[in-house]
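Asker: start-v2.txt is reproduced below (compact mmCIF, C-alpha atoms and all ligand atoms).
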```
# COMPACT_ATOMS: atom_id res chain seq x y z
CA MET M 232 11.00 87.17 -37.19
CA ASN M 233 8.25 88.78 -39.23
CA ASN M 234 7.50 87.20 -42.62
CA PRO M 235 5.52 89.58 -44.87
CA PHE M 236 5.27 87.10 -47.75
CA PHE M 237 3.53 84.15 -46.12
CA LYS M 238 0.59 83.67 -43.80
CA ILE M 239 2.31 82.27 -40.75
CA ASP M 240 0.83 83.04 -37.31
CA ASP M 241 2.87 85.04 -34.81
CA ASP M 242 3.00 82.18 -32.29
CA ILE M 243 4.53 79.92 -34.95
CA LEU M 244 7.07 82.57 -35.94
CA ALA M 245 7.96 83.02 -32.27
CA LEU M 246 8.44 79.29 -31.86
CA GLY M 247 10.64 79.36 -34.96
CA ASP M 248 12.83 82.01 -33.31
CA LYS M 249 13.09 79.84 -30.21
CA ALA M 250 14.06 76.85 -32.33
CA MET M 251 16.78 78.95 -33.99
CA GLU M 252 18.25 79.64 -30.54
CA ARG M 253 18.22 75.92 -29.81
CA CYS M 254 20.10 75.21 -33.08
CA LYS M 255 23.08 77.48 -32.41
CA GLU M 256 25.66 74.89 -31.41
CA ALA M 257 24.58 72.31 -33.96
CA PHE M 258 24.65 75.00 -36.68
CA ALA M 259 28.18 76.00 -35.66
CA ARG M 260 29.34 72.38 -35.86
CA THR M 261 27.68 72.04 -39.28
CA GLU M 262 29.29 75.26 -40.54
CA ALA M 263 32.72 73.94 -39.56
CA VAL M 264 32.22 70.67 -41.46
CA THR M 265 30.82 72.56 -44.45
CA GLU M 266 33.77 74.94 -44.59
CA TYR M 267 36.25 72.07 -44.36
CA ASN M 268 34.55 70.09 -47.12
CA GLN M 269 34.05 73.16 -49.31
CA ASN M 270 37.79 73.83 -49.16
CA LYS M 271 38.54 70.17 -49.86
CA VAL M 272 36.36 70.33 -52.99
CA LEU M 273 37.85 73.66 -54.11
CA LYS M 274 41.34 72.18 -53.70
CA ALA M 275 40.29 69.17 -55.82
CA PHE M 276 39.28 71.50 -58.68
CA ILE M 277 42.52 73.46 -58.47
CA HIS M 278 44.69 70.35 -58.11
CA ASN M 279 43.15 68.83 -61.24
CA HIS M 280 43.56 72.07 -63.26
CA ILE M 281 39.90 72.20 -64.18
CA GLY M 282 39.42 74.61 -67.07
CA GLU M 283 36.78 75.73 -69.54
CA GLN M 284 37.83 72.82 -71.80
CA HIS M 285 36.52 70.31 -69.25
CA LEU M 286 33.03 71.77 -69.19
CA VAL M 287 32.09 70.99 -72.78
CA GLY M 288 30.72 67.61 -73.83
CA SER M 289 31.58 64.80 -76.21
CA THR M 290 29.25 62.81 -78.48
CA GLY M 291 29.24 59.33 -79.99
CA TYR M 292 31.73 56.99 -78.35
CA GLY M 293 33.07 59.73 -76.16
CA TYR M 294 36.71 58.71 -76.79
CA GLY M 295 39.20 61.07 -75.20
CA ASP M 296 36.58 63.03 -73.29
CA ILE M 297 38.94 65.03 -71.07
CA GLY M 298 36.06 66.54 -69.10
CA ARG M 299 34.71 63.12 -68.15
CA ASP M 300 38.15 61.88 -67.11
CA ALA M 301 38.90 65.04 -65.11
CA LEU M 302 35.50 64.81 -63.42
CA ASP M 303 36.36 61.29 -62.24
CA LYS M 304 39.67 62.53 -60.78
CA THR M 305 38.14 65.59 -59.15
CA PHE M 306 35.37 63.54 -57.55
CA ALA M 307 37.92 61.01 -56.30
CA ASP M 308 39.95 63.78 -54.63
CA ALA M 309 36.83 65.45 -53.21
CA LEU M 310 35.68 62.15 -51.70
CA GLY M 311 39.10 61.03 -50.49
CA ALA M 312 39.23 58.01 -52.79
CA GLU M 313 41.91 56.63 -55.13
CA ALA M 314 39.56 56.66 -58.12
CA ALA M 315 35.98 57.40 -59.10
CA LEU M 316 33.54 56.69 -61.90
CA VAL M 317 31.03 59.53 -62.27
CA ARG M 318 28.43 59.21 -64.99
CA HIS M 319 25.19 60.93 -65.96
CA SER M 320 24.26 57.56 -67.48
CA PHE M 321 23.80 56.05 -64.03
CA THR M 322 20.04 56.45 -63.91
CA CYS M 323 19.66 56.61 -60.12
CA GLY M 324 21.29 55.51 -56.87
CA THR M 325 19.95 51.98 -57.12
CA HIS M 326 21.38 51.55 -60.62
CA THR M 327 24.77 52.85 -59.48
CA LEU M 328 24.84 50.50 -56.48
CA GLY M 329 23.77 47.64 -58.75
CA VAL M 330 26.61 48.33 -61.20
CA ALA M 331 29.08 48.26 -58.30
CA LEU M 332 27.71 44.95 -56.95
CA PHE M 333 27.70 43.24 -60.36
CA GLY M 334 31.11 44.78 -61.08
CA ILE M 335 32.74 43.15 -58.05
CA LEU M 336 30.84 39.95 -57.26
CA ARG M 337 31.33 36.68 -59.19
CA PRO M 338 29.43 33.35 -59.20
CA GLY M 339 30.20 31.43 -56.02
CA ASP M 340 30.91 34.59 -53.99
CA THR M 341 29.00 35.57 -50.88
CA MET M 342 27.82 39.07 -50.11
CA LEU M 343 27.18 39.82 -46.44
CA CYS M 344 25.08 42.82 -45.44
CA VAL M 345 25.90 43.78 -41.83
CA SER M 346 23.40 46.65 -41.40
CA GLY M 347 20.12 44.69 -41.40
CA THR M 348 17.71 44.58 -44.31
CA PRO M 349 18.97 46.81 -47.14
CA TYR M 350 17.02 49.63 -48.79
CA ASP M 351 13.89 48.42 -50.61
CA THR M 352 15.06 48.99 -54.17
CA ILE M 353 18.33 47.08 -53.63
CA GLN M 354 16.47 43.91 -52.64
CA PRO M 355 15.53 42.83 -56.20
CA VAL M 356 19.14 43.52 -57.29
CA ILE M 357 20.40 41.08 -54.67
CA GLY M 358 17.52 38.65 -55.24
CA ILE M 359 15.96 38.97 -51.78
CA THR M 360 12.72 39.84 -53.57
CA GLY M 361 11.66 39.39 -57.20
CA GLU M 362 12.47 36.55 -59.54
CA GLY M 363 13.79 35.97 -63.04
CA MET M 364 15.13 39.49 -63.52
CA GLY M 365 18.81 38.56 -63.50
CA SER M 366 19.59 39.34 -59.88
CA LEU M 367 22.89 38.51 -58.19
CA LYS M 368 21.14 35.38 -56.88
CA ASP M 369 20.25 34.32 -60.44
CA TYR M 370 24.00 34.49 -61.21
CA GLY M 371 24.92 32.22 -58.30
CA ILE M 372 25.96 34.88 -55.79
CA SER M 373 24.86 34.09 -52.24
CA TYR M 374 23.55 36.66 -49.84
CA GLU M 375 23.63 36.72 -46.07
CA GLN M 376 22.65 39.32 -43.53
CA VAL M 377 23.44 40.27 -39.95
CA GLU M 378 20.40 41.75 -38.21
CA LEU M 379 20.59 44.93 -36.17
CA LYS M 380 20.40 44.67 -32.40
CA ASN M 381 18.21 47.37 -30.81
CA GLY M 382 18.54 49.39 -34.01
CA ARG M 383 22.34 49.40 -33.96
CA LEU M 384 25.12 47.28 -35.49
CA ASP M 385 25.71 43.99 -33.68
CA PHE M 386 29.51 43.94 -33.76
CA GLU M 387 29.83 40.60 -32.02
CA ALA M 388 27.57 38.87 -34.55
CA ILE M 389 29.28 40.73 -37.40
CA GLU M 390 32.74 39.55 -36.37
CA HIS M 391 31.53 35.98 -35.96
CA LYS M 392 29.84 36.01 -39.37
CA ILE M 393 32.89 37.51 -41.11
CA LYS M 394 35.12 34.81 -39.59
CA THR M 395 32.81 31.92 -40.50
CA THR M 396 31.19 32.79 -43.86
CA PRO M 397 32.76 30.79 -46.71
CA HIS M 398 33.61 32.55 -49.99
CA LEU M 399 32.98 35.94 -48.41
CA LYS M 400 33.77 38.53 -51.08
CA MET M 401 31.94 41.63 -49.93
CA VAL M 402 30.82 43.10 -46.64
CA TYR M 403 27.96 45.47 -47.53
CA VAL M 404 27.01 48.41 -45.35
CA GLN M 405 24.14 50.85 -45.72
CA ARG M 406 25.10 54.13 -44.10
CA SER M 407 21.85 56.06 -44.11
CA ARG M 408 18.73 54.97 -42.28
CA GLY M 409 16.73 55.19 -45.50
CA TYR M 410 13.07 55.01 -44.60
CA SER M 411 13.57 52.88 -41.52
CA ALA M 412 13.52 53.70 -37.83
CA ARG M 413 17.16 52.77 -37.23
CA ALA M 414 19.97 55.23 -36.60
CA THR M 415 22.33 56.33 -39.37
CA LEU M 416 25.77 54.73 -39.10
CA THR M 417 28.50 56.97 -37.75
CA THR M 418 31.84 57.37 -39.47
CA ASP M 419 33.42 55.53 -36.57
CA GLU M 420 31.07 52.57 -36.98
CA MET M 421 32.06 52.33 -40.66
CA ARG M 422 35.72 52.42 -39.59
CA GLN M 423 35.08 49.57 -37.13
CA ILE M 424 33.42 47.42 -39.78
CA ALA M 425 36.36 48.00 -42.13
CA ASP M 426 38.84 47.11 -39.36
CA ILE M 427 37.03 43.92 -38.39
CA THR M 428 36.59 42.83 -42.01
CA HIS M 429 40.20 43.43 -42.97
CA ALA M 430 41.52 41.77 -39.80
CA HIS M 431 39.63 38.53 -40.37
CA SER M 432 39.06 38.15 -44.11
CA SER M 433 40.12 39.18 -47.59
CA ALA M 434 36.64 40.58 -48.33
CA ILE M 435 36.15 44.13 -49.53
CA VAL M 436 33.97 46.59 -47.61
CA PHE M 437 31.34 48.37 -49.67
CA VAL M 438 29.21 51.27 -48.42
CA ASP M 439 25.89 52.50 -49.80
CA ASN M 440 26.80 56.13 -49.15
CA CYS M 441 23.47 57.68 -50.28
CA TYR M 442 22.61 60.85 -48.30
CA GLY M 443 25.93 60.70 -46.42
CA GLU M 444 28.28 62.72 -48.64
CA PHE M 445 29.84 65.84 -47.07
CA THR M 446 27.95 65.47 -43.78
CA ASP M 447 31.10 64.68 -41.78
CA TRP M 448 34.84 65.39 -41.71
CA GLN M 449 35.86 62.05 -43.16
CA THR M 450 34.41 59.91 -45.93
CA PRO M 451 33.98 56.12 -45.68
CA THR M 452 36.96 55.52 -47.99
CA GLU M 453 39.10 57.67 -45.67
CA VAL M 454 38.39 55.34 -42.75
CA GLY M 455 39.17 52.03 -44.44
CA VAL M 456 36.15 51.33 -46.65
CA ASP M 457 37.22 49.94 -50.05
CA LEU M 458 34.39 51.10 -52.28
CA MET M 459 31.27 53.28 -52.02
CA ALA M 460 28.54 54.62 -54.28
CA GLY M 461 25.80 57.23 -54.30
CA SER M 462 23.34 59.27 -56.33
CA LEU M 463 23.94 62.67 -57.94
CA ILE M 464 20.38 63.81 -57.27
CA LYS M 465 21.25 63.64 -53.59
CA ASN M 466 24.14 65.37 -51.77
CA PRO M 467 27.08 65.15 -54.23
CA GLY M 468 25.13 66.62 -57.16
CA GLY M 469 24.64 69.82 -55.19
CA GLY M 470 21.11 70.23 -56.56
CA ILE M 471 22.62 71.06 -59.96
CA ALA M 472 23.55 67.71 -61.53
CA ARG M 473 20.50 66.70 -63.56
CA THR M 474 20.88 62.94 -63.07
CA GLY M 475 23.65 60.39 -62.46
CA GLY M 476 25.67 58.58 -59.86
CA TYR M 477 29.22 57.90 -58.69
CA ILE M 478 31.29 54.94 -57.57
CA ALA M 479 34.51 55.73 -55.68
CA GLY M 480 37.24 53.80 -53.91
CA LYS M 481 40.26 51.59 -54.64
CA LYS M 482 41.52 52.01 -58.20
CA GLU M 483 41.31 48.33 -59.19
CA LEU M 484 37.76 48.02 -57.81
CA VAL M 485 36.52 51.14 -59.60
CA GLU M 486 38.04 49.74 -62.80
CA LEU M 487 36.11 46.48 -62.35
CA CYS M 488 32.93 48.50 -61.93
CA SER M 489 33.69 50.40 -65.14
CA TYR M 490 33.56 47.08 -67.05
CA ARG M 491 30.03 46.56 -65.78
CA ALA M 492 28.99 50.19 -66.34
CA THR M 493 29.85 49.73 -70.03
CA VAL M 494 31.34 46.36 -71.10
CA PRO M 495 34.48 44.32 -70.39
CA GLY M 496 37.33 45.77 -72.40
CA LEU M 497 35.92 49.23 -72.90
CA GLY M 498 35.24 50.28 -69.30
CA ALA M 499 35.67 53.99 -68.62
CA GLU M 500 37.20 54.72 -72.05
CA VAL M 501 33.78 55.21 -73.64
CA GLY M 502 30.65 57.13 -72.73
CA ALA M 503 29.76 60.48 -74.25
CA SER M 504 29.24 63.10 -71.59
CA LEU M 505 26.94 65.03 -73.98
CA GLY M 506 26.27 68.33 -72.25
CA GLU M 507 26.31 67.10 -68.66
CA ASN M 508 29.91 67.76 -67.54
CA ARG M 509 29.28 71.38 -66.65
CA SER M 510 26.36 70.62 -64.35
CA MET M 511 28.16 67.71 -62.69
CA PHE M 512 31.25 69.85 -62.03
CA MET M 513 29.13 72.75 -60.83
CA GLY M 514 27.06 70.40 -58.69
CA LEU M 515 30.14 68.92 -57.03
CA PHE M 516 31.43 72.42 -56.36
CA SER M 517 28.16 73.36 -54.62
CA ALA M 518 27.69 70.02 -52.88
CA PRO M 519 29.34 70.75 -49.49
CA HIS M 520 27.46 74.04 -49.14
CA VAL M 521 24.12 72.64 -50.23
CA THR M 522 24.55 69.60 -47.98
CA GLY M 523 25.21 72.04 -45.14
CA GLU M 524 21.95 73.86 -45.93
CA ALA M 525 20.11 70.54 -45.90
CA LEU M 526 21.70 69.66 -42.56
CA LYS M 527 20.62 72.99 -41.08
CA THR M 528 17.11 72.40 -42.38
CA ALA M 529 17.00 69.00 -40.66
CA ILE M 530 18.40 70.41 -37.41
CA PHE M 531 15.88 73.27 -37.39
CA ALA M 532 12.95 70.92 -37.99
CA GLY M 533 14.22 68.66 -35.23
CA ALA M 534 14.53 71.57 -32.79
CA LEU M 535 11.12 73.02 -33.66
CA PHE M 536 9.26 69.75 -33.13
CA GLU M 537 11.26 68.98 -29.98
CA LEU M 538 9.94 72.24 -28.56
CA LEU M 539 6.43 71.00 -29.29
CA GLY M 540 7.16 67.73 -27.50
CA TYR M 541 7.33 65.46 -30.55
CA LYS M 542 9.66 62.48 -30.78
CA VAL M 543 12.29 63.34 -33.39
CA SER M 544 15.25 61.37 -34.70
CA PRO M 545 18.02 62.38 -34.68
CA ALA M 546 17.65 64.90 -31.83
CA SER M 547 18.58 68.47 -32.81
CA ASP M 548 21.88 68.33 -30.92
CA GLU M 549 22.95 64.84 -32.04
CA PRO M 550 25.83 64.38 -34.49
CA ARG M 551 24.58 63.75 -38.02
CA PHE M 552 25.86 61.40 -40.70
CA ASP M 553 23.13 61.93 -43.28
CA ILE M 554 20.59 64.63 -44.14
CA ILE M 555 17.46 62.79 -43.01
CA GLN M 556 15.17 63.96 -40.22
CA CYS M 557 12.40 61.77 -38.88
CA ILE M 558 9.50 63.26 -36.92
CA GLU M 559 6.84 61.11 -35.29
CA LEU M 560 3.68 63.07 -36.03
CA GLY M 561 1.28 60.58 -34.45
CA THR M 562 -1.83 60.98 -36.60
CA PRO M 563 -2.69 60.66 -40.31
CA LYS M 564 -4.15 64.18 -40.24
CA ALA M 565 -0.90 65.64 -38.89
CA LEU M 566 1.19 63.80 -41.48
CA ALA M 567 -1.02 65.00 -44.34
CA ALA M 568 -1.03 68.57 -43.00
CA PHE M 569 2.76 68.58 -42.65
CA CYS M 570 3.17 67.44 -46.26
CA ARG M 571 0.63 70.02 -47.49
CA GLY M 572 2.62 72.76 -45.78
CA VAL M 573 5.96 71.61 -47.20
CA GLN M 574 4.45 71.43 -50.69
CA SER M 575 2.90 74.89 -50.39
CA GLY M 576 6.33 76.35 -49.69
CA ALA M 577 8.13 74.73 -52.63
CA PRO M 578 9.44 76.88 -55.49
CA ILE M 579 8.04 74.40 -58.05
CA ASP M 580 4.54 72.88 -57.91
CA SER M 581 3.56 74.87 -54.81
CA TYR M 582 -0.06 74.87 -55.97
CA VAL M 583 -0.57 71.11 -55.93
CA VAL M 584 -1.95 69.27 -52.90
CA PRO M 585 -0.23 66.00 -51.98
CA GLU M 586 -2.50 63.00 -51.47
CA ALA M 587 -1.64 59.60 -50.02
CA TRP M 588 -1.51 56.96 -52.77
CA ASP M 589 -0.94 53.23 -53.24
CA MET M 590 2.70 53.33 -54.26
CA PRO M 591 3.93 50.13 -55.96
CA GLY M 592 5.96 48.00 -53.57
CA TYR M 593 4.47 49.41 -50.35
CA ASP M 594 1.78 47.86 -48.15
CA ASP M 595 0.44 51.16 -46.86
CA LYS M 596 -0.46 54.32 -48.71
CA VAL M 597 2.41 56.81 -48.96
CA ILE M 598 2.16 60.61 -48.95
CA MET M 599 4.90 62.73 -50.50
CA ALA M 600 5.65 66.42 -50.72
CA ALA M 601 8.26 67.56 -53.20
CA GLY M 602 8.49 70.60 -55.38
CA ALA M 603 11.79 70.16 -57.13
CA PHE M 604 13.65 71.62 -60.12
CA ILE M 605 15.02 68.14 -60.77
CA SER M 606 12.37 65.47 -60.69
CA GLY M 607 12.67 63.31 -57.59
CA ALA M 608 15.79 65.08 -56.33
CA SER M 609 15.79 64.59 -52.59
CA ILE M 610 18.65 67.03 -51.98
CA GLU M 611 15.83 69.50 -52.63
CA PHE M 612 13.46 70.00 -49.71
CA SER M 613 11.04 67.09 -49.58
CA ALA M 614 9.03 65.07 -47.08
CA ASP M 615 7.24 61.77 -47.16
CA GLY M 616 5.87 59.02 -45.02
CA PRO M 617 3.74 55.89 -45.09
CA MET M 618 0.18 56.18 -43.78
CA ARG M 619 0.69 53.88 -40.81
CA GLU M 620 1.46 54.08 -37.08
CA PRO M 621 3.20 56.06 -35.71
CA TYR M 622 2.75 58.38 -38.70
CA CYS M 623 6.36 59.42 -39.09
CA VAL M 624 7.44 61.93 -41.66
CA TRP M 625 10.91 61.58 -43.17
CA MET M 626 12.14 64.89 -44.47
CA GLN M 627 15.35 65.71 -46.23
CA GLY M 628 17.07 68.27 -48.41
CA GLY M 629 16.86 72.00 -48.76
CA LEU M 630 18.90 73.82 -51.41
CA ASN M 631 18.94 76.83 -49.15
CA PHE M 632 18.06 76.94 -45.49
CA HIS M 633 16.07 80.19 -45.57
CA SER M 634 13.56 78.82 -48.04
CA ALA M 635 13.33 75.37 -46.44
CA LYS M 636 12.82 77.01 -43.04
CA THR M 637 9.73 78.75 -44.42
CA GLY M 638 8.53 75.38 -45.72
CA ILE M 639 8.81 73.91 -42.23
CA LEU M 640 6.98 76.86 -40.65
CA LEU M 641 4.24 76.48 -43.27
CA ALA M 642 4.00 72.79 -42.34
CA LEU M 643 3.43 73.79 -38.74
CA GLN M 644 0.85 76.39 -39.83
CA GLN M 645 -1.05 73.68 -41.72
CA MET M 646 -0.93 71.40 -38.68
CA LYS M 647 -2.31 74.22 -36.54
CA GLU M 648 -5.12 74.94 -39.00
CA ALA M 649 -5.98 71.23 -39.03
CA GLY M 650 -6.32 71.36 -35.25
CA GLU M 651 -3.34 69.06 -34.74
CA ILE M 652 -1.25 71.33 -32.53
CA GLU M 653 -1.95 73.87 -29.86
CA LEU M 654 0.46 76.66 -29.09
C1 LIG R 701 18.26 56.98 -52.13
C2 LIG R 701 18.87 55.76 -51.62
C3 LIG R 701 19.25 54.73 -52.48
C4 LIG R 701 19.06 54.79 -53.97
O1 LIG R 701 17.81 55.17 -54.33
P1 LIG R 701 17.44 55.77 -55.76
O2 LIG R 701 16.05 56.24 -55.55
O3 LIG R 701 17.54 54.65 -56.72
O4 LIG R 701 18.39 56.85 -56.07
C5 LIG R 701 19.85 53.63 -51.93
N1 LIG R 701 20.07 53.53 -50.60
C6 LIG R 701 19.72 54.51 -49.75
C7 LIG R 701 19.99 54.36 -48.29
C8 LIG R 701 19.12 55.65 -50.23
O5 LIG R 701 18.78 56.63 -49.38
```
Could you quickly redo this structure as structure tokens?

Answerer:
Amino acid sequence: MNNPFFKIDDDILALGDKAMERCKEAFARTEAVTEYNQNKVLKAFIHNHIGEQHLVGSTGYGYGDIGRDALDKTFADALGAEAALVRHSFTCGTHTLGVALFGILRPGDTMLCVSGTPYDTIQPVIGITGEGMGSLKDYGISYEQVELKNGRLDFEAIEHKIKTTPHLKMVYVQRSRGYSARATLTTDEMRQIADITHAHSSAIVFVDNCYGEFTDWQTPTEVGVDLMAGSLIKNPGGGIARTGGYIAGKKELVELCSYRATVPGLGAEVGASLGENRSMFMGLFSAPHVTGEALKTAIFAGALFELLGYKVSPASDEPRFDIIQCIELGTPKALAAFCRGVQSGAPIDSYVVPEAWDMPGYDDKVIMAAGAFISGASIEFSADGPMREPYCVWMQGGLNFHSAKTGILLALQQMKEAGEIEL
């Protein structure tokens, strides 16, 4: 299709049209999941009688904040959980996950991660890295891990470990691939972990659900997972929540987390929502749709680069359980050009040029493209990758597909101008 607003060559536009053809079935599947989840969320609002009175905020202690309490209930229903704790005062996903871990685990307990090495920022929380910061390890909580086998869960090893680990309190699962090369866990794999755990132990199953919300028909807590958590500047904030996180699952477990989120005794009874209830409600309402747009963006990028012969993961026709698309671009020049293109098509900060930099905590330079209304929000279209072989870009988000599609075509245009692709 012709695009009178951007300089995109005809051969790239034509390839885009071809990619759209290739996306048809995957888009139809995505639309069906989106419609189901959008209705589920709508029903949660109606069921909880959400009214104007819930959208205003409290100050001070926040006693009797009916909006905050109704938001917890609506989120719980939307995520198929008994209870939820949704707070703008959770500063990010890592903080939210940390509150859940400290809320549940006690000295002498063992936490067992069954999905390989967890996401970078969780490692200091557990005590895998860092020292003297008050990690779980500092409080006498042991950590063990089952490695992945060929990039997938090793169910045999997991079952053995669950049967033989003393004082096992929590089986920890990371759903999304994060910035690793492994596959995202499927809903069925999460169900299997829950089944195995509950058959052989009294441990609870906890899922890091970041990037996974509203991507599939069922949520982790609907397939046997006891507790999960995520960030509101990813899928469940719908691109509208300005900050925050959620913890959802069994009522008694969410309550324990509330005593860590504030203090023992007070729990969820305090916490002024200030002016944030409206944007968190509105964000939840938009979340299934926006997640669907992000999924379509990922599928389209996958299809486009498949047509060019690149290795992409997941493939455009594969089922998806998060919003992340990985493309192996092969050269540093291609990775930089891709990020320049994405940045140039962002609604915010389109005029800046991303440069690879020495990001704290990483061995290689990292390049990032993001032009977001909410700083760091990766439900908004963004792309990044470390400057190392095989020069993969991880891209995610897209508040609306039409705009993100242009961003991807601009990325290809930049790659062409850099001499990295021939059409
Ligand atoms: C985003 C993410 C987190 C949390 O990261 P924050 O940047 O702290 O929000 C944790 N785990 C996974 C898999 C993630 O994708």

Asker: Go through M:Val584, M:Leu630, M:Val485, M:Ile555 one by one, measure the shortest atom-to-atom distance of each to ligand LIG 701 (chain R) using only C-alpha atoms and all ligand atoms, and give the residue with the smallest value.

Answerer: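 Of M:Val584, M:Leu630, M:Val485, M:Ile555, the one nearest ligand LIG 701 (chain R) is M:Ile555, counting only C-alpha atoms and all ligand atoms.
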
Asker: One decimal, Å: what's the distance from atom CA of Thr325 of chain M over to atom CA of Leu310 of chain M, could you say?

Answerer: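 About the pair atom CA of Thr325 of chain M and atom CA of Leu310 of chain M: they are 19.5 Å apart.
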
Asker: Find, counting all atoms listed in the file, the residue in M:Tyr374, M:Tyr292, M:Tyr350, M:Trp625 that gets nearest to ligand LIG 701 (chain R).

Answerer: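 Comparing M:Tyr374, M:Tyr292, M:Tyr350, M:Trp625 against ligand LIG 701 (chain R), the winner is M:Tyr350.
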
Asker: Which polymer residues have any atom within 12 Å of an atom of Thr418 of chain M, counting only C-alpha atoms, with same-chain residues fewer than 2 positions away left out, as a PyMOL selection string?

Answerer: chain M and resi 404-407+415-416+420-425+438+440+443-456+550-553

Asker: Would you list the residues that come within 10 Å of ligand LIG 701 (chain R)? Count all atoms listed in the file and give the answer as a PyMOL selection string.

Answerer: chain M and resi 321-329+349-353+404-411+415+438-443+460-465+474-476+553-555+607-609

Asker: If you measure from atom CA of Glu362 of chain M to atom CA of Ile435 of chain M, what distance in Å do you get, rounded to one decimal?

Answerer: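 Between atom CA of Glu362 of chain M and atom CA of Ile435 of chain M the gap works out to 26.8 Å.
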
Asker: Please produce, as JSON lines, a per-residue contact table for segment 297-349 of chain M versus segment 273-289 of chain M (criterion: any atom at most 12 Å away, only C-alpha atoms considered), showing the nearest atom pair and its distance in Å to one decimal, sorted by chain then residue number.

Answerer:
```
{"residue": "M:Ile297", "atom": "CA", "partner": "M:His285", "partner_atom": "CA", "distance": 6.1}
{"residue": "M:Gly298", "atom": "CA", "partner": "M:His285", "partner_atom": "CA", "distance": 3.8}
{"residue": "M:Arg299", "atom": "CA", "partner": "M:His285", "partner_atom": "CA", "distance": 7.5}
{"residue": "M:Asp300", "atom": "CA", "partner": "M:His285", "partner_atom": "CA", "distance": 8.8}
{"residue": "M:Ala301", "atom": "CA", "partner": "M:Asn279", "partner_atom": "CA", "distance": 6.9}
{"residue": "M:Leu302", "atom": "CA", "partner": "M:His285", "partner_atom": "CA", "distance": 8.1}
{"residue": "M:Asp303", "atom": "CA", "partner": "M:Asn279", "partner_atom": "CA", "distance": 10.2}
{"residue": "M:Lys304", "atom": "CA", "partner": "M:Asn279", "partner_atom": "CA", "distance": 7.2}
{"residue": "M:Thr305", "atom": "CA", "partner": "M:Ala275", "partner_atom": "CA", "distance": 5.3}
{"residue": "M:Phe306", "atom": "CA", "partner": "M:Ala275", "partner_atom": "CA", "distance": 7.7}
{"residue": "M:Ala307", "atom": "CA", "partner": "M:Ala275", "partner_atom": "CA", "distance": 8.5}
{"residue": "M:Asp308", "atom": "CA", "partner": "M:Ala275", "partner_atom": "CA", "distance": 5.5}
{"residue": "M:Ala309", "atom": "CA", "partner": "M:Ala275", "partner_atom": "CA", "distance": 5.7}
{"residue": "M:Leu310", "atom": "CA", "partner": "M:Ala275", "partner_atom": "CA", "distance": 9.4}
{"residue": "M:Gly311", "atom": "CA", "partner": "M:Ala275", "partner_atom": "CA", "distance": 9.8}
{"residue": "M:Ala312", "atom": "CA", "partner": "M:Ala275", "partner_atom": "CA", "distance": 11.6}
{"residue": "M:His319", "atom": "CA", "partner": "M:Gly288", "partner_atom": "CA", "distance": 11.7}
```

Asker: Which is closer to Val436 of chain M than all the others in M:Glu313, M:Asp457, M:Asp595, M:Asp419, using all atoms listed in the file?

Answerer: M:Asp457

Asker: Nearest to Val356 of chain M among M:Glu375, M:Asp340, M:Phe333, M:Glu486, with distances taken over only C-alpha atoms: which residue is it?

Answerer: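 The shortest atom-to-atom distance to Val356 of chain M comes from M:Phe333.
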
Asker: Pick the closest to Ser544 of chain M from M:Ile393, M:Ala642, M:Met626, M:Ile478: which is it, counting all atoms listed in the file?

Answerer: M:Met626

Asker: For atom CA of Ala245 of chain M and atom CA of Tyr582 of chain M, determine how far apart the two atoms are, in Å to one decimal place.

Answerer: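 So the two atoms, atom CA of Ala245 of chain M and atom CA of Tyr582 of chain M, lie 26.3 Å apart.
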
Asker: Taking (2.6, 68.8, -47.7) in the file's coordinates, which residues come within 12 Å, counting all atoms listed in the file, written as a short mmCIF file (atom, residue, chain, number, x, y, z; two decimals) with C-alpha atoms, in the frame of the given file?

Answerer:
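Listed below is the output, point-v2.cif:
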```
data_model
loop_
_atom_site.label_atom_id
_atom_site.label_comp_id
_atom_site.auth_asym_id
_atom_site.auth_seq_id
_atom_site.Cartn_x
_atom_site.Cartn_y
_atom_site.Cartn_z
CA LYS M 564 -4.15 64.18 -40.24
CA ALA M 565 -0.90 65.64 -38.89
CA LEU M 566 1.19 63.80 -41.48
CA ALA M 567 -1.02 65.00 -44.34
CA ALA M 568 -1.03 68.57 -43.00
CA PHE M 569 2.76 68.58 -42.65
CA CYS M 570 3.17 67.44 -46.26
CA ARG M 571 0.63 70.02 -47.49
CA GLY M 572 2.62 72.76 -45.78
CA VAL M 573 5.96 71.61 -47.20
CA GLN M 574 4.45 71.43 -50.69
CA SER M 575 2.90 74.89 -50.39
CA GLY M 576 6.33 76.35 -49.69
CA ALA M 577 8.13 74.73 -52.63
CA ASP M 580 4.54 72.88 -57.91
CA SER M 581 3.56 74.87 -54.81
CA TYR M 582 -0.06 74.87 -55.97
CA VAL M 583 -0.57 71.11 -55.93
CA VAL M 584 -1.95 69.27 -52.90
CA PRO M 585 -0.23 66.00 -51.98
CA GLU M 586 -2.50 63.00 -51.47
CA ALA M 587 -1.64 59.60 -50.02
CA ILE M 598 2.16 60.61 -48.95
CA MET M 599 4.90 62.73 -50.50
CA ALA M 600 5.65 66.42 -50.72
CA ALA M 601 8.26 67.56 -53.20
CA GLY M 602 8.49 70.60 -55.38
CA PHE M 612 13.46 70.00 -49.71
CA SER M 613 11.04 67.09 -49.58
CA ALA M 614 9.03 65.07 -47.08
CA ASP M 615 7.24 61.77 -47.16
CA GLY M 616 5.87 59.02 -45.02
CA VAL M 624 7.44 61.93 -41.66
CA TRP M 625 10.91 61.58 -43.17
CA MET M 626 12.14 64.89 -44.47
CA GLY M 638 8.53 75.38 -45.72
CA ILE M 639 8.81 73.91 -42.23
CA LEU M 640 6.98 76.86 -40.65
CA LEU M 641 4.24 76.48 -43.27
CA ALA M 642 4.00 72.79 -42.34
CA LEU M 643 3.43 73.79 -38.74
CA GLN M 644 0.85 76.39 -39.83
CA GLN M 645 -1.05 73.68 -41.72
CA MET M 646 -0.93 71.40 -38.68
#
```
